[in-house]
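Worksheet: one structure, shown below.
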Amino acid sequence: MRSLTQILTQESPILLAREAVWRTRKKWAKKKMLAQLDGQPDPMTFRAVPYYRPDPAAFQETTREFITRFADEICAGRYPFLGYGTRDLGLRPAWNIDFVCGLDWPAIPLENRDCMRFDGSDVKVPYELSRLQFLPVLGKAFVLTGRDCYRERAKQLLSWWIEDNPVGIGVNWSLAMEAALRGMSICFLLGLLAPFRSTEKTWLAVVTQSLWQHLVYVEAHIEFSHLISSNHYLGNIVGLYCLASFLDGPRMPAKRHLYRRRIEAELARQVYEDGGDYEGSTGYHVLVTQMFTTVLLLMRANGDAPPYLPKHLVHPPVSTQNPRVARPLFFEKVRRMHHHLAALASPSGQVPHVGDCDDGRTELLLDDLQQMLDVPVLKRNALHVSNLLGLGKSLFDEGTGSTGDAKWYGFDESAKPLPAVTTPKVEVFPQSGVAVARSGPAEIFFFAVRNGIHGKGSHNHNDKLSVILRLEGQEVLCDSGTGSYTREIAFRNRFRVTRAHNTVMVDGQEQCAIDFTRAGLFRLGTEATVSRIKQVNKDNGTSLQASHSGYSALGVTHSRTVSLRDDEAKACLEDHFAGTGSHKVELNFQLAPPWRLTRVTYAESGVRCLLEGPRQLEIFVGAPCTVQMRQCETEISTTYGATTPASRITFSCQLNLPASITTAISWAS
């Protein structure tokens with residue numbers, strides 16, 4: 001996010017005027033909407049739309065096992081989280097506590113900015129619990145087993161949450177996005193429990209009223225701005241579309257139409273033509289892809305599916321004359337998002353970390369349950385998304401991934417022939433600033449990602465021209481990840497700085513300026529303008545080239561060429577520095593566990609390092625001057641709130657510009 005001064009100097013007067021008018025109108029609209037909560041509630045009933053269409057007999061035993069094991073943990077008062085492990089919070093959890101540090105938030109009206117206190121607490125902890133995303137898992141366990149213990153536990157927990165969190169009071173009503181995601185979880189649970197028993201009418205009425213309160217609250221606190229549009233606003237309107245889909249009452253059809261159209265507008269705004277999310281983060285690309293996928297499934301449930309969908313997705317059939325049918329661009333853009341995700345994923349469905357990742361979901365899939373149940377916390381990865389990829393495969397008849405979750409939405413993959421999957425040697429996503437080159441067991445990813453939201457983004461890191469290397473689906477050179485957001489300022493920034501990425505630092509200066517105070521936790525300077533990635537095909541391989549201007553204040557332009565040859569087990573990097581004078585250059589590589597440095601050899605032409613892991617790997621760095629090398633112990637974070645010990649190797653030299661550094665990374669074929 002930018003400072004007020006930056007906003008005033010960089011935005012047009014017309015846009016600023018529109019924003020001022022909107023904020024004034026929003027204050028009055030907010031008061032009017034919230035007044036509804038104090039008056040007579042609108043008459044609402046639950047609308048059982050077929051979002052889920054499961055055939056319990058179709059699920060594999062592994063699916064049943066993960067879902068029932070997770071549900072059993074919840075029934076016992078133990079709550080699994082990706083980055084925090086499984087926590088014993090008791091049968092009736094305290095919803096307003098950061099259970100990591102023990103601090104809580106008072107039962108008073110709060111805004112999100114009041115919840116970030118910089119006292120060692122992290123508001124995302126109570127937020128995560130109160131998203132209630134464990135409730136649909138309990139509902140699925142009931143569907144699969146027919147055991148009432150899961151149904152009753154889900155009803156009990158939801159009743160307690162409503163009793164303990166009066167609308168508008170406390171930390172869990174401090175952000176519209178959190179209320180929207182929670183409302184979706186409640187809707188999904190009710191969809192799984194329907195039809196309801198006569199003895200449940202009173203309970204259902206209370207929950208339905210709570211859903212209406214969630215809808216009114218999100219509308220009153222909607223996170224819209226003419227100046228910035230992010231996953232928060234998208235989460236608001238996706239949640240509102242979901243709430244309006246599961247509620248029957250005054251104005252609900254009109255609201256479904258309104259929010260579906262707003263979602264379409266955000267898809268056009270927030271997703272590049274190449275399918276990448278414009279916040280410039282793989283973690284948020286996963287979240288936003290799941291949001292738009294959820295919308296497609298809700299469209300189908302509402303009988304509002306676009307006519308260009310495959311026939312098996314349209315139920316009931318819709319008229320092509322229906323004015324509420326989504327434009328063809330919607331389906332195509334979401335398909336591109338899944339293709340973008342699949343291009344980054346390993347065969348097991350693991351996506352590299354780039355930029356921030358806070359493990360956000362609209363609903364938990366089997367990958368999430370498996371990570372939380374079977375993988376030690378230090379080895380968990382929030383971007384293991386094979387089942388999200390598999391859902392895309394079911395929707396679009398292309399791609400890879402596991403289809404265990406697709407069965408919940410009525411997709412029968414066993415009846416469909418599997419098309420042959422051809423993986424291209426090179427894929428470039430020009431607007432996103434992402435490219436991947438493949439040869440044999442190697443994949444090298446090249447990132448020339450501009451700051452998200454057209455320079456206004458808050459989830460980017462200083463990773464311009466960074467690379468990630470995978471061998472046989474396992475990362476060797478990795479990204480450092482995220483850590484956490486507000487628990488500790490220095491900890492947050494440790495994962496954002498240039499040294500935390502596989503790129504170059506000149507004279508100790510950051511690529512983009514970072515404000516290391518609390519005001520700068522979600523701000524990044526705009527100094528590093530990046531070029532588009534250029535692909536150069538050669539007879540024996542492919543080269544990818546890009547540059548950035550982050551060191552222009554030093555009179556230096558950094559450009560990098562990444563080459564992967566077909567005839568050698570080798571990747572080559574050439575870092576060229578245009579400019580004049582003498583400058584200290586650092587080249588950093590983050591080693592993914594279990595890779596470790598075992599031997600260093602100095603030569604007149606450079607430094608040679610031997611790495612040991614699942615196989616041997618050698619890195620040779622050469623320059624027209626003496627190159628020094630050092631190793632330091634560090635941490636990487638593959639799931640929010642947790643870190644894993646790792647190491648970083650740094651090559652440094654004093655270069656007289658213009659000059660180049662060459663790096664050859666080779667492995668046993």
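Going by the structure tokens order, chains are called A, B, ..., each with residues numbered from 1, while ligands are numbered from 1 in the order shown.
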As an mmCIF file with N, CA and C atoms, in the first residue's frame, please: the residues near stretch 80-84 of chain A (cut-off 10 Å, only C-alpha atoms, same-chain neighbours under 4 positions excluded).
data_model
loop_
_atom_site.group_PDB
_atom_site.id
_atom_site.type_symbol
_atom_site.label_atom_id
_atom_site.label_comp_id
_atom_site.auth_asym_id
_atom_site.auth_seq_id
_atom_site.Cartn_x
_atom_site.Cartn_y
_atom_site.Cartn_z
ATOM 1 N N PHE A 70 -9.886 -35.951 9.939
ATOM 2 C CA PHE A 70 -9.921 -34.520 10.251
ATOM 3 C C PHE A 70 -11.151 -34.205 11.097
ATOM 4 N N GLU A 73 -10.742 -35.188 14.678
ATOM 5 C CA GLU A 73 -9.940 -34.225 15.441
ATOM 6 C C GLU A 73 -10.821 -33.077 15.930
ATOM 7 N N ILE A 74 -11.663 -32.542 15.063
ATOM 8 C CA ILE A 74 -12.534 -31.440 15.449
ATOM 9 C C ILE A 74 -13.509 -31.889 16.535
ATOM 10 N N ASP A 88 -4.968 -28.124 20.668
ATOM 11 C CA ASP A 88 -6.080 -28.542 21.520
ATOM 12 C C ASP A 88 -6.745 -27.283 22.063
ATOM 13 N N PHE A 99 -3.955 -18.156 19.835
ATOM 14 C CA PHE A 99 -3.558 -19.287 20.672
ATOM 15 C C PHE A 99 -2.064 -19.587 20.581
ATOM 16 N N VAL A 100 -1.342 -18.889 19.719
ATOM 17 C CA VAL A 100 0.115 -19.060 19.650
ATOM 18 C C VAL A 100 0.787 -18.326 20.801
ATOM 19 N N VAL A 125 -4.484 -15.393 13.408
ATOM 20 C CA VAL A 125 -4.761 -16.636 14.131
ATOM 21 C C VAL A 125 -6.247 -16.745 14.480
ATOM 22 N N GLU A 128 -8.233 -17.146 11.265
ATOM 23 C CA GLU A 128 -8.196 -18.468 10.636
ATOM 24 C C GLU A 128 -9.187 -19.417 11.298
ATOM 25 N N LEU A 129 -9.233 -19.397 12.626
ATOM 26 C CA LEU A 129 -10.175 -20.258 13.336
ATOM 27 C C LEU A 129 -11.613 -19.892 12.993
ATOM 28 N N PHE A 134 -13.504 -25.651 8.894
ATOM 29 C CA PHE A 134 -13.597 -27.043 9.340
ATOM 30 C C PHE A 134 -15.045 -27.534 9.300
ATOM 31 N N ASP A 358 -0.390 -16.459 2.576
ATOM 32 C CA ASP A 358 -0.911 -16.602 3.946
ATOM 33 C C ASP A 358 -1.817 -17.815 4.071
ATOM 34 N N ASP A 359 -1.676 -18.786 3.134
ATOM 35 C CA ASP A 359 -2.388 -20.066 3.168
ATOM 36 C C ASP A 359 -3.897 -19.915 2.974
ATOM 37 N N ASP A 368 -5.031 -29.977 1.568
ATOM 38 C CA ASP A 368 -4.898 -29.282 2.849
ATOM 39 C C ASP A 368 -5.041 -30.256 4.011
ATOM 40 N N LEU A 369 -6.034 -31.148 3.923
ATOM 41 C CA LEU A 369 -6.241 -32.113 5.007
ATOM 42 C C LEU A 369 -5.047 -33.044 5.142
ATOM 43 N N GLN A 370 -4.517 -33.507 4.012
ATOM 44 C CA GLN A 370 -3.368 -34.413 4.055
ATOM 45 C C GLN A 370 -2.158 -33.723 4.674
ATOM 46 N N GLN A 371 -1.914 -32.466 4.276
ATOM 47 C CA GLN A 371 -0.786 -31.724 4.854
ATOM 48 C C GLN A 371 -0.933 -31.609 6.368
ATOM 49 N N MET A 372 -2.137 -31.305 6.822
ATOM 50 C CA MET A 372 -2.347 -31.077 8.251
ATOM 51 C C MET A 372 -2.357 -32.361 9.063
ATOM 52 N N LEU A 373 -2.728 -33.473 8.437
ATOM 53 C CA LEU A 373 -2.824 -34.725 9.184
ATOM 54 C C LEU A 373 -1.555 -35.558 9.124
ATOM 55 N N VAL A 375 1.717 -34.644 7.412
ATOM 56 C CA VAL A 375 3.022 -34.038 7.131
ATOM 57 C C VAL A 375 3.477 -33.245 8.347
ATOM 58 N N PRO A 376 4.713 -33.457 8.826
ATOM 59 C CA PRO A 376 5.213 -32.645 9.939
ATOM 60 C C PRO A 376 5.176 -31.161 9.588
ATOM 61 N N VAL A 377 4.944 -30.316 10.584
ATOM 62 C CA VAL A 377 4.763 -28.886 10.335
ATOM 63 C C VAL A 377 5.924 -28.307 9.533
ATOM 64 N N LEU A 378 7.169 -28.691 9.862
ATOM 65 C CA LEU A 378 8.326 -28.098 9.199
ATOM 66 C C LEU A 378 8.430 -28.505 7.735
ATOM 67 N N LYS A 379 7.687 -29.529 7.330
ATOM 68 C CA LYS A 379 7.744 -29.965 5.936
ATOM 69 C C LYS A 379 6.464 -29.628 5.163
ATOM 70 N N ARG A 380 5.532 -28.964 5.800
ATOM 71 C CA ARG A 380 4.275 -28.648 5.127
ATOM 72 C C ARG A 380 4.479 -27.552 4.083
ATOM 73 N N ASN A 381 3.654 -27.598 3.058
ATOM 74 C CA ASN A 381 3.724 -26.588 2.010
ATOM 75 C C ASN A 381 2.299 -26.175 1.646
ATOM 76 N N ALA A 382 1.995 -24.891 1.880
ATOM 77 C CA ALA A 382 0.646 -24.398 1.625
ATOM 78 C C ALA A 382 0.300 -24.384 0.151
ATOM 79 N N GLY A 483 6.911 -16.346 6.073
ATOM 80 C CA GLY A 483 7.024 -16.193 7.530
ATOM 81 C C GLY A 483 5.669 -15.858 8.109
ATOM 82 N N SER A 484 5.471 -14.590 8.464
ATOM 83 C CA SER A 484 4.172 -14.114 8.940
ATOM 84 C C SER A 484 4.094 -12.626 8.652
ATOM 85 N N SER A 637 10.143 -20.419 4.633
ATOM 86 C CA SER A 637 8.785 -20.587 5.150
ATOM 87 C C SER A 637 7.901 -21.059 4.012
ATOM 88 N N THR A 638 7.392 -22.275 4.117
ATOM 89 C CA THR A 638 6.510 -22.815 3.081
ATOM 90 C C THR A 638 5.058 -22.895 3.544
ATOM 91 N N THR A 639 4.804 -22.468 4.758
ATOM 92 C CA THR A 639 3.435 -22.350 5.243
ATOM 93 C C THR A 639 3.411 -21.231 6.277
ATOM 94 N N TYR A 640 2.342 -20.467 6.306
ATOM 95 C CA TYR A 640 2.275 -19.260 7.110
ATOM 96 C C TYR A 640 2.449 -19.577 8.597
ATOM 97 N N GLY A 641 3.365 -18.826 9.228
ATOM 98 C CA GLY A 641 3.577 -18.960 10.663
ATOM 99 C C GLY A 641 4.619 -19.967 11.072
ATOM 100 N N ALA A 642 5.196 -20.707 10.121
ATOM 101 C CA ALA A 642 6.198 -21.719 10.444
ATOM 102 C C ALA A 642 7.417 -21.530 9.547
ATOM 103 N N THR A 643 8.580 -21.902 10.062
ATOM 104 C CA THR A 643 9.815 -21.818 9.288
ATOM 105 C C THR A 643 10.594 -23.120 9.402
#
Could you give me, as a PDB file with C-alpha atoms, in the first residue's frame, the residues within 10 Å of A:Leu389, counting only C-alpha atoms and dropping anything in the same chain fewer than 6 positions from it?
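And here's out.pdb as it stands now:
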ATOM      1  CA  VAL A 286      -3.992 -19.923  -5.694  1.00  0.00           C
ATOM      2  CA  THR A 289      -8.124 -19.034  -8.665  1.00  0.00           C
ATOM      3  CA  GLN A 290     -10.107 -20.949  -6.052  1.00  0.00           C
ATOM      4  CA  HIS A 338      -5.796 -22.945 -13.997  1.00  0.00           C
ATOM      5  CA  HIS A 339      -3.409 -23.328 -16.946  1.00  0.00           C
ATOM      6  CA  LEU A 341      -1.174 -22.679 -12.090  1.00  0.00           C
ATOM      7  CA  ALA A 342      -0.563 -26.017 -13.815  1.00  0.00           C
ATOM      8  CA  ALA A 345       3.140 -26.997 -10.492  1.00  0.00           C
ATOM      9  CA  GLY A 349       0.982 -30.463  -7.524  1.00  0.00           C
ATOM     10  CA  LEU A 395     -14.008 -28.179 -15.359  1.00  0.00           C
ATOM     11  CA  GLU A 398      -7.363 -30.214 -19.586  1.00  0.00           C
ATOM     12  CA  GLY A 399      -4.498 -30.163 -17.131  1.00  0.00           C
ATOM     13  CA  THR A 400      -3.322 -32.506 -14.411  1.00  0.00           C
ATOM     14  CA  GLY A 401      -3.969 -33.089 -10.746  1.00  0.00           C
ATOM     15  CA  SER A 402      -5.918 -35.264  -8.344  1.00  0.00           C
ATOM     16  CA  THR A 403      -9.672 -35.450  -8.794  1.00  0.00           C
ATOM     17  CA  ALA A 406     -13.972 -33.044  -7.978  1.00  0.00           C
TER      18      ALA A 406
END
Got a sec: who's within 9 Å of stretch 224-241 of chain A, counting only C-alpha atoms, leaving out chain neighbours fewer than 2 positions off, as a PDB file with C-alpha atoms, in the first residue's frame?
ATOM      1  CA  MET A   1       0.000   0.000   0.000  1.00  0.00           C
ATOM      2  CA  ILE A   7      -1.551   8.564  -3.818  1.00  0.00           C
ATOM      3  CA  GLU A  11      -3.365   9.388  -9.229  1.00  0.00           C
ATOM      4  CA  LEU A  15      -9.952   9.444  -9.876  1.00  0.00           C
ATOM      5  CA  LEU A  16      -9.210  11.151  -6.564  1.00  0.00           C
ATOM      6  CA  ARG A  18     -14.386   9.838  -7.505  1.00  0.00           C
ATOM      7  CA  GLU A  19     -12.729   8.243  -4.485  1.00  0.00           C
ATOM      8  CA  TRP A  22     -17.340   7.278  -2.855  1.00  0.00           C
ATOM      9  CA  ARG A  23     -15.940   7.530   0.673  1.00  0.00           C
ATOM     10  CA  ALA A 176     -15.365  -7.754   5.693  1.00  0.00           C
ATOM     11  CA  MET A 177     -13.250 -10.418   3.965  1.00  0.00           C
ATOM     12  CA  GLU A 178     -13.244 -12.593   7.076  1.00  0.00           C
ATOM     13  CA  ALA A 179     -17.020 -12.331   7.409  1.00  0.00           C
ATOM     14  CA  ALA A 180     -17.397 -13.182   3.705  1.00  0.00           C
ATOM     15  CA  LEU A 181     -15.215 -16.304   3.907  1.00  0.00           C
ATOM     16  CA  ARG A 182     -16.971 -17.402   7.104  1.00  0.00           C
ATOM     17  CA  GLY A 183     -20.376 -16.908   5.489  1.00  0.00           C
ATOM     18  CA  MET A 184     -19.284 -19.160   2.639  1.00  0.00           C
ATOM     19  CA  HIS A 214     -23.148 -11.633   7.454  1.00  0.00           C
ATOM     20  CA  LEU A 215     -24.493 -10.369   4.136  1.00  0.00           C
ATOM     21  CA  VAL A 218     -20.100  -7.307   4.404  1.00  0.00           C
ATOM     22  CA  GLU A 219     -22.153  -4.904   2.284  1.00  0.00           C
ATOM     23  CA  HIS A 221     -17.985  -2.698   5.253  1.00  0.00           C
ATOM     24  CA  ILE A 222     -17.170  -3.624   1.658  1.00  0.00           C
ATOM     25  CA  LEU A 243     -24.681 -15.734   0.528  1.00  0.00           C
ATOM     26  CA  ALA A 244     -27.276 -14.443  -1.925  1.00  0.00           C
ATOM     27  CA  SER A 245     -27.226 -17.841  -3.647  1.00  0.00           C
ATOM     28  CA  PHE A 246     -28.071 -19.747  -0.446  1.00  0.00           C
ATOM     29  CA  LYS A 255     -28.188  -9.259  -5.387  1.00  0.00           C
ATOM     30  CA  ARG A 256     -27.123 -12.462  -7.117  1.00  0.00           C
ATOM     31  CA  HIS A 257     -27.217 -10.617 -10.423  1.00  0.00           C
ATOM     32  CA  LEU A 258     -25.399  -7.558  -9.012  1.00  0.00           C
ATOM     33  CA  TYR A 259     -22.539  -9.433  -7.393  1.00  0.00           C
ATOM     34  CA  ARG A 260     -22.068 -11.840 -10.265  1.00  0.00           C
ATOM     35  CA  ARG A 262     -19.156  -7.260 -10.148  1.00  0.00           C
ATOM     36  CA  ILE A 263     -17.211 -10.514 -10.000  1.00  0.00           C
ATOM     37  CA  GLU A 266     -12.982  -7.984 -11.134  1.00  0.00           C
ATOM     38  CA  LEU A 267     -11.964 -10.985 -13.228  1.00  0.00           C
ATOM     39  CA  ARG A 269      -9.449  -6.216 -13.796  1.00  0.00           C
ATOM     40  CA  GLN A 270      -7.467  -8.588 -11.580  1.00  0.00           C
ATOM     41  CA  TYR A 278      -2.201  -9.222 -10.903  1.00  0.00           C
ATOM     42  CA  GLU A 279      -1.084  -9.127  -7.265  1.00  0.00           C
ATOM     43  CA  TYR A 284      -2.625 -15.221  -3.850  1.00  0.00           C
ATOM     44  CA  LEU A 287      -6.527 -18.131  -3.481  1.00  0.00           C
ATOM     45  CA  VAL A 288      -7.994 -16.043  -6.313  1.00  0.00           C
ATOM     46  CA  MET A 291     -12.426 -17.961  -5.575  1.00  0.00           C
ATOM     47  CA  PHE A 292     -13.266 -17.748  -9.277  1.00  0.00           C
ATOM     48  CA  THR A 294     -16.080 -21.404  -6.619  1.00  0.00           C
ATOM     49  CA  VAL A 295     -18.036 -18.764  -8.538  1.00  0.00           C
ATOM     50  CA  LEU A 298     -22.112 -21.431  -7.794  1.00  0.00           C
ATOM     51  CA  THR A 362     -12.309 -20.509   0.209  1.00  0.00           C
ATOM     52  CA  ILE A 453      -1.947  -4.041  -8.788  1.00  0.00           C
ATOM     53  CA  LYS A 456       0.201  -0.482  -5.798  1.00  0.00           C
ATOM     54  CA  GLY A 457       0.499  -4.016  -4.469  1.00  0.00           C
TER      55      GLY A 457
END
*Would you mind reading off the distance between atom CA of A:Arg648 and atom CA of A:Cys101, one decimal, in Å?*
29.4 Å
*Just the residues within 8 Å of A:Arg532, please, counting only C-alpha atoms, with nothing from its chain fewer than 4 positions along; format it as an MDAnalysis selection string.*
chainID A and resid 430:431 433 448 546
Pull N, CA and C atoms from the residues just selected and write them as a tab-separated table (two decimals), in the first residue's frame.
chain	number	residue	atom	x	y	z
A	430	PRO	N	3.76	-13.43	-20.33
A	430	PRO	CA	4.40	-12.12	-20.47
A	430	PRO	C	3.86	-11.04	-19.55
A	431	GLN	N	2.54	-11.00	-19.35
A	431	GLN	CA	2.00	-9.97	-18.46
A	431	GLN	C	2.35	-10.26	-17.00
A	433	GLY	N	5.00	-11.85	-15.95
A	433	GLY	CA	6.44	-11.82	-15.71
A	433	GLY	C	6.97	-13.13	-15.17
A	448	ALA	N	10.22	-12.16	-13.54
A	448	ALA	CA	10.39	-10.72	-13.73
A	448	ALA	C	9.04	-10.08	-13.42
A	546	ALA	N	15.58	-10.80	-19.27
A	546	ALA	CA	14.81	-9.68	-18.72
A	546	ALA	C	15.77	-8.78	-17.96
*What lies within 7 Å of stretch 37-45 of chain A using only C-alpha atoms, ignoring chain neighbours under 2 positions off, as a PyMOL selection string?*
chain A and resi 34-35+47+208+213+247-249
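Residues in contact with A:Met116 at 12 Å, where only C-alpha atoms are counted and same-chain residues fewer than 5 positions away are skipped, are listed as Asp98, Asp104, Trp105, Leu110, Glu111, Ser121, Asp122, Val123, Lys124, Val125, Val171, Ser174, Leu175, Tyr485, Thr486, Arg487, Glu488, Ile489, Arg518, Ala519 and Leu521 of chain A.
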_Nearest to A:Lys26 by atom-to-atom distance, counting only C-alpha atoms, from A:Met299, A:Gln133, A:Glu223, A:Thr62_ = A:Glu223
Sel. of strand (DSSP E or B) residues, stretch 19-218 of chain A, as a PDB file with N, CA and C atoms, in the first residue's frame:
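Result file part14.pdb:
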ATOM      1  N   THR A  45     -35.210 -17.404   4.165  1.00  0.00           N
ATOM      2  CA  THR A  45     -35.182 -18.857   4.307  1.00  0.00           C
ATOM      3  C   THR A  45     -33.937 -19.378   3.608  1.00  0.00           C
ATOM      4  N   PHE A  46     -33.523 -20.558   4.035  1.00  0.00           N
ATOM      5  CA  PHE A  46     -32.354 -21.179   3.421  1.00  0.00           C
ATOM      6  C   PHE A  46     -32.732 -21.750   2.065  1.00  0.00           C
ATOM      7  N   ARG A  78      -9.622 -30.778  18.914  1.00  0.00           N
ATOM      8  CA  ARG A  78      -8.264 -30.519  18.390  1.00  0.00           C
ATOM      9  C   ARG A  78      -8.400 -29.957  16.976  1.00  0.00           C
ATOM     10  N   TYR A  79      -7.740 -28.826  16.730  1.00  0.00           N
ATOM     11  CA  TYR A  79      -7.925 -28.101  15.481  1.00  0.00           C
ATOM     12  C   TYR A  79      -6.622 -28.085  14.684  1.00  0.00           C
ATOM     13  N   PRO A  80      -6.603 -28.767  13.536  1.00  0.00           N
ATOM     14  CA  PRO A  80      -5.392 -28.755  12.703  1.00  0.00           C
ATOM     15  C   PRO A  80      -5.307 -27.459  11.885  1.00  0.00           C
ATOM     16  N   PHE A  81      -4.108 -26.890  11.843  1.00  0.00           N
ATOM     17  CA  PHE A  81      -3.813 -25.719  11.019  1.00  0.00           C
ATOM     18  C   PHE A  81      -2.530 -25.996  10.252  1.00  0.00           C
ATOM     19  N   GLY A  85       0.311 -26.381  13.318  1.00  0.00           N
ATOM     20  CA  GLY A  85       0.142 -27.724  13.841  1.00  0.00           C
ATOM     21  C   GLY A  85      -1.271 -27.922  14.352  1.00  0.00           C
ATOM     22  N   THR A  86      -1.487 -29.007  15.080  1.00  0.00           N
ATOM     23  CA  THR A  86      -2.797 -29.297  15.657  1.00  0.00           C
ATOM     24  C   THR A  86      -2.836 -28.773  17.080  1.00  0.00           C
ATOM     25  N   ARG A  87      -3.806 -27.937  17.368  1.00  0.00           N
ATOM     26  CA  ARG A  87      -3.921 -27.287  18.677  1.00  0.00           C
ATOM     27  C   ARG A  87      -5.157 -27.796  19.415  1.00  0.00           C
ATOM     28  N   ASP A  88      -4.968 -28.124  20.668  1.00  0.00           N
ATOM     29  CA  ASP A  88      -6.080 -28.542  21.520  1.00  0.00           C
ATOM     30  C   ASP A  88      -6.745 -27.283  22.063  1.00  0.00           C
ATOM     31  N   ILE A  97      -8.848 -15.404  20.588  1.00  0.00           N
ATOM     32  CA  ILE A  97      -7.500 -15.512  21.143  1.00  0.00           C
ATOM     33  C   ILE A  97      -6.506 -15.916  20.060  1.00  0.00           C
ATOM     34  N   ASP A 104      -5.468 -11.940  23.684  1.00  0.00           N
ATOM     35  CA  ASP A 104      -6.807 -11.928  23.109  1.00  0.00           C
ATOM     36  C   ASP A 104      -7.216 -10.508  22.733  1.00  0.00           C
TER      37      ASP A 104
END
*Which parts of stretch 207-421 of chain A does DSSP call helix (DSSP H, G or I) when run on the backbone here, written out as number ranges by chain?*
A: 207-220, 231-246, 252-270, 282-301, 311-313, 328-344, 366-374, 377-379, 386-396, 405-409, 413-415
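Counting only C-alpha atoms and comparing A:Leu544, A:Val207, A:Ala301, A:Ala664, the residue that lies closest to A:Glu163 is A:Val207.
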